[in-house]
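Here the structure is laid out as structure tokens; the discussion comes afterwards.
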Amino acid sequence: MAAAAPAPTPPEAPRIPFTERYHSVHHGGIVRAANSAITCRTPETTTATPCSAVRKGAQGVNGDYDMFYVDLDDDPNTYNSSRARLGLPAGSRVRYARLYWGGNLRVGEQKPPADNGRVLIAEPGGEYKEVLADTRVAHRDADGSDAYQASADITPLVRRSGSGYWTVAQINVAKGHSKAGAWGGWTLVVAYEKDDEPLRELSVRDGFEALRPGRADHSLTLAGLRIRPGAGGRAGLVSYDGDRAARGDSVSVRAGGRKPFALTDPANPADDVMNSTIADLGATVTGRQPAHVNTLGYDSDLFDIGPALADGADSLTFRFGAGNGGHFLGALFLQADARR
């Protein structure tokens with residue numbers, strides 16, 4: 001394993017507007033792997049559901065539990081680690097890969113922000129390698145939490161290693177119990193090229209926006225697209241501290257001047273979209289270790305947006321509502337069939 005050298009302190013900002021990280025039109029698509037870094041241990045309130053049931057998908061929010069790290073490797077030098085399977089199509093070529101990680105630094109303990117910009121990652125069958133954030137780290141200390149997100153371009157590593165179970169460790173996340181609760185996790189987003197797949201618009205964007213109850217909805221527009229009429233399409237979202245059953249949060253997408261289309265599916269109710277799930281098109285992603293259904297504050301979800309693309313689109317506007325609980329929005333990725 002790489003030596004645990006002191007992490008550098010990258011520049012930080014409490015809010016980072018969403019900007020384009022990758023955009024291309026080619027034959028291929030986007031895949032991702034994701035998992036949480038922390039889970040419940042014991043209830044801290046008399047009304048809380050047992051932790052064993054919450055992990056299987058029962059209602060429960062992180063502020064009702066003593067939270068402790070997920071740590072599935074055999075390395076005594078790591079205090080959290082989790083795995084997820086990245087599934088690249090056979091014969092595809094990796095064009096771009098970005099790793100996102102983040103969490104809450106202040107719960108029963110206070111983690112030092114200086115460690116926000118560093119994690120360890122192990123490719124399938126490989127050993128841990130240090131990854132350092134290559135851009136500003138989002139870091140917001142307010143509303144009872146101390147939340148952050150960091151990211152790094154790891155394209156060469158993913159290009160070499162490809163499909164299989166990837167392990168991410170040492171995410172800077174605090175354990176314990178507080179009203180705000182503990183949360184944290186990681187998502188690896190990969191754009192690939194494959195000649196026999198449809199021509200598609202592929203876009204990866206990221207930032208850090210705090211959506212708080214009682215405040216205006218947040219909108220994000222992707223312009224300069226050439227999505228064909230009747231296109232198939234998917235949108236992925238990464239979000240932090242979305243509590244299950246904290247109703248009212250919503251996401252919609254509008255193609256040009258058409259009516260907004262609500263992003264909802266069996267795993268993500270229309271009025272509780274950011275509900276602590278790692279799901280693809282309404283089904284919990286099982287290719288993870290551990291594969292907790294309720295992640296207690298970490299969302300990495302993939303939605304079908306095909307119904308919004310009936311007439312094609314030159315732009316897409318995503319609208320995010322905070323609802324009763326609020327959350328931190330970290331990344332958005334898109335694939336949609338393109339005009340030739």
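Residue numbering restarts at 1 for every chain of the structure tokens, chains are lettered A, B, ... in their displayed order, and ligands are numbered from 1 as they appear.
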
Nearby residues (only C-alpha atoms) at most 10 Å from segment 325-331 of chain A, same-chain spacing under 3 positions excluded, as a PyMOL selection string: chain A and resi 16-19+21+100-103+138+140+147-151+187+189+204-215+218+236-249+272+274-275+297-300+320-322

Helix (DSSP H, G or I) per DSSP on the backbone: members of segment 64-281 of chain A, as a PyMOL selection string: chain A and resi 64+113-115+155-161

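For the atom pair formed by atom CA of Val94 of chain A and atom CA of Ser81 of chain A, the distance is 24.8 Å, given to one decimal.
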
Which neighbours of His26 of chain A fall inside 10 Å, counting only C-alpha atoms, when residues of the same chain fewer than 4 positions from it are skipped, and could you give them as a PDB file with N, CA and C atoms, in the first residue's frame?
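Dumped to out_17.pdb:
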ATOM      1  N   TYR A 192     -17.016   5.851 -21.847  1.00  0.00           N
ATOM      2  CA  TYR A 192     -16.304   4.902 -22.703  1.00  0.00           C
ATOM      3  C   TYR A 192     -16.744   5.058 -24.151  1.00  0.00           C
ATOM      4  N   GLU A 193     -15.937   4.536 -25.052  1.00  0.00           N
ATOM      5  CA  GLU A 193     -16.222   4.523 -26.489  1.00  0.00           C
ATOM      6  C   GLU A 193     -16.361   3.080 -26.959  1.00  0.00           C
ATOM      7  N   LYS A 194     -17.389   2.819 -27.775  1.00  0.00           N
ATOM      8  CA  LYS A 194     -17.575   1.476 -28.339  1.00  0.00           C
ATOM      9  C   LYS A 194     -18.270   1.629 -29.689  1.00  0.00           C
ATOM     10  N   ASP A 195     -17.622   1.155 -30.733  1.00  0.00           N
ATOM     11  CA  ASP A 195     -18.050   1.457 -32.093  1.00  0.00           C
ATOM     12  C   ASP A 195     -19.452   0.964 -32.431  1.00  0.00           C
ATOM     13  N   GLU A 197     -22.081   0.752 -30.448  1.00  0.00           N
ATOM     14  CA  GLU A 197     -23.142   1.351 -29.651  1.00  0.00           C
ATOM     15  C   GLU A 197     -23.635   2.625 -30.327  1.00  0.00           C
ATOM     16  N   PRO A 198     -24.830   3.117 -29.951  1.00  0.00           N
ATOM     17  CA  PRO A 198     -25.372   4.316 -30.600  1.00  0.00           C
ATOM     18  C   PRO A 198     -24.474   5.537 -30.422  1.00  0.00           C
ATOM     19  N   LEU A 199     -24.591   6.473 -31.358  1.00  0.00           N
ATOM     20  CA  LEU A 199     -23.945   7.771 -31.222  1.00  0.00           C
ATOM     21  C   LEU A 199     -24.658   8.527 -30.103  1.00  0.00           C
ATOM     22  N   ARG A 200     -23.913   9.023 -29.116  1.00  0.00           N
ATOM     23  CA  ARG A 200     -24.542   9.624 -27.950  1.00  0.00           C
ATOM     24  C   ARG A 200     -23.858  10.915 -27.522  1.00  0.00           C
ATOM     25  N   GLU A 201     -24.665  11.786 -26.924  1.00  0.00           N
ATOM     26  CA  GLU A 201     -24.170  12.917 -26.152  1.00  0.00           C
ATOM     27  C   GLU A 201     -23.761  12.384 -24.790  1.00  0.00           C
ATOM     28  N   LEU A 202     -22.523  12.653 -24.386  1.00  0.00           N
ATOM     29  CA  LEU A 202     -22.024  12.224 -23.086  1.00  0.00           C
ATOM     30  C   LEU A 202     -21.496  13.444 -22.354  1.00  0.00           C
ATOM     31  N   ASP A 337     -29.032   9.631 -26.800  1.00  0.00           N
ATOM     32  CA  ASP A 337     -28.798   9.370 -28.229  1.00  0.00           C
ATOM     33  C   ASP A 337     -28.742  10.691 -28.992  1.00  0.00           C
ATOM     34  N   ALA A 338     -27.755  10.812 -29.871  1.00  0.00           N
ATOM     35  CA  ALA A 338     -27.502  12.086 -30.559  1.00  0.00           C
ATOM     36  C   ALA A 338     -27.950  12.029 -32.017  1.00  0.00           C
TER      37      ALA A 338
END

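When atom CA of Ile227 of chain A is paired with atom CA of Asp304 of chain A, their separation reads 14.7 Å.
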
DSSP strand (DSSP E or B) selection over segment 52-133 of chain A, as a PyMOL selection string: chain A and resi 65-69+71+81-86+93-104+106+110+118-122+129-132

Preceding selection exported with N, CA and C atoms as a tab-separated table (two decimals), in the first residue's frame:
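File part_21.tsv, as written:
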chain	number	residue	atom	x	y	z
A	65	TYR	N	-28.92	7.37	14.75
A	65	TYR	CA	-28.06	6.22	15.02
A	65	TYR	C	-26.64	6.63	15.41
A	66	ASP	N	-26.00	5.74	16.15
A	66	ASP	CA	-24.55	5.80	16.27
A	66	ASP	C	-24.00	5.20	14.99
A	67	MET	N	-23.19	5.98	14.29
A	67	MET	CA	-22.71	5.57	12.97
A	67	MET	C	-21.24	5.15	13.05
A	68	PHE	N	-20.92	4.11	12.29
A	68	PHE	CA	-19.55	3.58	12.29
A	68	PHE	C	-19.14	3.21	10.88
A	69	TYR	N	-17.83	3.09	10.69
A	69	TYR	CA	-17.27	2.92	9.34
A	69	TYR	C	-17.56	1.54	8.75
A	71	ASP	N	-15.70	-1.11	6.71
A	71	ASP	CA	-14.28	-1.40	6.52
A	71	ASP	C	-14.12	-2.88	6.21
A	81	SER	N	-13.38	1.35	4.20
A	81	SER	CA	-13.15	0.85	2.84
A	81	SER	C	-14.42	0.16	2.37
A	82	SER	N	-14.74	0.34	1.09
A	82	SER	CA	-15.88	-0.34	0.49
A	82	SER	C	-15.58	-0.58	-0.97
A	83	ARG	N	-16.34	-1.51	-1.58
A	83	ARG	CA	-16.10	-1.91	-2.95
A	83	ARG	C	-17.36	-1.78	-3.79
A	84	ALA	N	-17.16	-1.65	-5.09
A	84	ALA	CA	-18.27	-1.70	-6.03
A	84	ALA	C	-17.74	-2.13	-7.38
A	85	ARG	N	-18.61	-2.79	-8.14
A	85	ARG	CA	-18.20	-3.33	-9.43
A	85	ARG	C	-18.42	-2.30	-10.53
A	86	LEU	N	-17.37	-2.07	-11.32
A	86	LEU	CA	-17.46	-1.25	-12.52
A	86	LEU	C	-17.62	-2.19	-13.71
A	93	ARG	N	-13.45	1.23	-24.94
A	93	ARG	CA	-12.23	1.97	-24.64
A	93	ARG	C	-12.58	3.14	-23.72
A	94	VAL	N	-11.87	3.26	-22.62
A	94	VAL	CA	-12.14	4.32	-21.65
A	94	VAL	C	-11.67	5.66	-22.20
A	95	ARG	N	-12.59	6.61	-22.22
A	95	ARG	CA	-12.26	7.97	-22.67
A	95	ARG	C	-11.99	8.91	-21.49
A	96	TYR	N	-12.73	8.73	-20.39
A	96	TYR	CA	-12.59	9.64	-19.25
A	96	TYR	C	-13.10	8.94	-17.99
A	97	ALA	N	-12.42	9.16	-16.87
A	97	ALA	CA	-12.85	8.57	-15.61
A	97	ALA	C	-12.56	9.55	-14.47
A	98	ARG	N	-13.55	9.79	-13.64
A	98	ARG	CA	-13.40	10.72	-12.52
A	98	ARG	C	-13.96	10.08	-11.26
A	99	LEU	N	-13.20	10.20	-10.17
A	99	LEU	CA	-13.60	9.69	-8.87
A	99	LEU	C	-14.05	10.84	-7.99
A	100	TYR	N	-15.26	10.70	-7.40
A	100	TYR	CA	-15.81	11.67	-6.46
A	100	TYR	C	-15.90	11.03	-5.08
A	101	TRP	N	-15.57	11.80	-4.06
A	101	TRP	CA	-15.75	11.30	-2.69
A	101	TRP	C	-16.10	12.47	-1.77
A	102	GLY	N	-16.74	12.16	-0.64
A	102	GLY	CA	-17.11	13.23	0.28
A	102	GLY	C	-17.90	12.70	1.46
A	103	GLY	N	-18.20	13.61	2.38
A	103	GLY	CA	-18.95	13.22	3.57
A	103	GLY	C	-19.05	14.35	4.57
A	104	ASN	N	-19.39	13.99	5.80
A	104	ASN	CA	-19.55	14.93	6.91
A	104	ASN	C	-18.38	14.76	7.87
A	106	ARG	N	-18.04	16.43	10.89
A	106	ARG	CA	-18.35	16.70	12.29
A	106	ARG	C	-19.60	15.93	12.71
A	110	GLN	N	-14.64	15.24	15.28
A	110	GLN	CA	-14.36	16.22	14.25
A	110	GLN	C	-13.14	15.77	13.46
A	118	ARG	N	-7.66	13.62	-0.10
A	118	ARG	CA	-6.87	12.41	-0.28
A	118	ARG	C	-7.71	11.17	0.01
A	119	VAL	N	-7.64	10.16	-0.86
A	119	VAL	CA	-8.20	8.84	-0.61
A	119	VAL	C	-7.24	7.79	-1.15
A	120	LEU	N	-7.53	6.55	-0.87
A	120	LEU	CA	-6.82	5.43	-1.46
A	120	LEU	C	-7.77	4.66	-2.37
A	121	ILE	N	-7.24	4.15	-3.47
A	121	ILE	CA	-8.06	3.35	-4.38
A	121	ILE	C	-7.26	2.13	-4.83
A	122	ALA	N	-7.96	1.01	-4.96
A	122	ALA	CA	-7.34	-0.22	-5.46
A	122	ALA	C	-8.16	-0.72	-6.64
A	129	LYS	N	-3.54	2.70	-4.06
A	129	LYS	CA	-2.75	3.81	-4.59
A	129	LYS	C	-3.36	5.11	-4.08
A	130	GLU	N	-2.51	6.07	-3.78
A	130	GLU	CA	-2.99	7.35	-3.28
A	130	GLU	C	-3.58	8.17	-4.43
A	131	VAL	N	-4.74	8.77	-4.18
A	131	VAL	CA	-5.38	9.68	-5.12
A	131	VAL	C	-5.55	11.02	-4.42
A	132	LEU	N	-5.07	12.09	-5.07
A	132	LEU	CA	-5.18	13.43	-4.52
A	132	LEU	C	-6.13	14.25	-5.38

Given only C-alpha atoms as the counted atoms, nearest of A:Asn172, A:Pro124, A:Ala58, A:Arg32 to Leu157 of chain A: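 Among A:Asn172, A:Pro124, A:Ala58, A:Arg32, it is A:Pro124 that comes nearest to Leu157 of chain A.
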
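As for atom CA of Ser252 of chain A and atom CA of Asn35 of chain A, they are spaced 24.2 Å apart.
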
Long-range neighbours of Arg254 of chain A as a PyMOL selection string, 8 Å cut-off, only C-alpha atoms, 6 positions minimum in chain: chain A and resi 260-261+308+316-318

With N, CA and C atoms kept, could you save the residues just selected as a CSV table (one decimal), in the first residue's frame?
chain,number,residue,atom,x,y,z
A,260,PRO,N,-41.8,20.0,-17.9
A,260,PRO,CA,-40.8,19.2,-17.1
A,260,PRO,C,-41.2,17.8,-16.8
A,261,PHE,N,-40.2,16.9,-16.8
A,261,PHE,CA,-40.5,15.5,-16.6
A,261,PHE,C,-39.8,15.2,-15.2
A,308,ALA,N,-38.6,12.3,-21.6
A,308,ALA,CA,-38.5,13.8,-21.7
A,308,ALA,C,-37.9,14.2,-23.1
A,316,LEU,N,-31.0,20.8,-22.0
A,316,LEU,CA,-31.8,20.2,-20.9
A,316,LEU,C,-31.6,21.0,-19.7
A,317,THR,N,-32.7,21.2,-18.9
A,317,THR,CA,-32.6,22.0,-17.7
A,317,THR,C,-33.1,21.1,-16.6
A,318,PHE,N,-32.2,20.8,-15.6
A,318,PHE,CA,-32.5,20.0,-14.4
A,318,PHE,C,-32.9,21.0,-13.3

Contact residues around Ala270 of chain A with only C-alpha atoms at 8 Å, ignoring same-chain residues under 3 positions, as a list in words: Asp249, Ser250, Val251, Ala262, Leu263, Thr264, Asp265 and Val273 of chain A

Dump N, CA and C atoms for the selected residues as an mmCIF file, in the first residue's frame?
data_model
loop_
_atom_site.group_PDB
_atom_site.id
_atom_site.type_symbol
_atom_site.label_atom_id
_atom_site.label_comp_id
_atom_site.auth_asym_id
_atom_site.auth_seq_id
_atom_site.Cartn_x
_atom_site.Cartn_y
_atom_site.Cartn_z
ATOM 1 N N ASP A 249 -38.279 16.695 -1.403
ATOM 2 C CA ASP A 249 -37.200 16.948 -2.361
ATOM 3 C C ASP A 249 -37.563 16.318 -3.700
ATOM 4 N N SER A 250 -37.188 16.999 -4.776
ATOM 5 C CA SER A 250 -37.609 16.577 -6.107
ATOM 6 C C SER A 250 -36.554 16.922 -7.139
ATOM 7 N N VAL A 251 -36.625 16.236 -8.265
ATOM 8 C CA VAL A 251 -35.753 16.518 -9.409
ATOM 9 C C VAL A 251 -36.595 16.381 -10.674
ATOM 10 N N ALA A 262 -40.618 14.620 -14.277
ATOM 11 C CA ALA A 262 -40.123 14.301 -12.935
ATOM 12 C C ALA A 262 -39.256 13.056 -12.964
ATOM 13 N N LEU A 263 -38.095 13.123 -12.334
ATOM 14 C CA LEU A 263 -37.230 11.961 -12.196
ATOM 15 C C LEU A 263 -37.691 11.170 -10.985
ATOM 16 N N THR A 264 -38.283 10.025 -11.255
ATOM 17 C CA THR A 264 -38.789 9.157 -10.202
ATOM 18 C C THR A 264 -38.845 7.733 -10.723
ATOM 19 N N ASP A 265 -38.715 6.775 -9.820
ATOM 20 C CA ASP A 265 -38.771 5.364 -10.175
ATOM 21 C C ASP A 265 -39.029 4.573 -8.893
ATOM 22 N N VAL A 273 -36.671 11.981 -3.683
ATOM 23 C CA VAL A 273 -35.723 11.442 -4.661
ATOM 24 C C VAL A 273 -34.362 11.179 -4.019
#
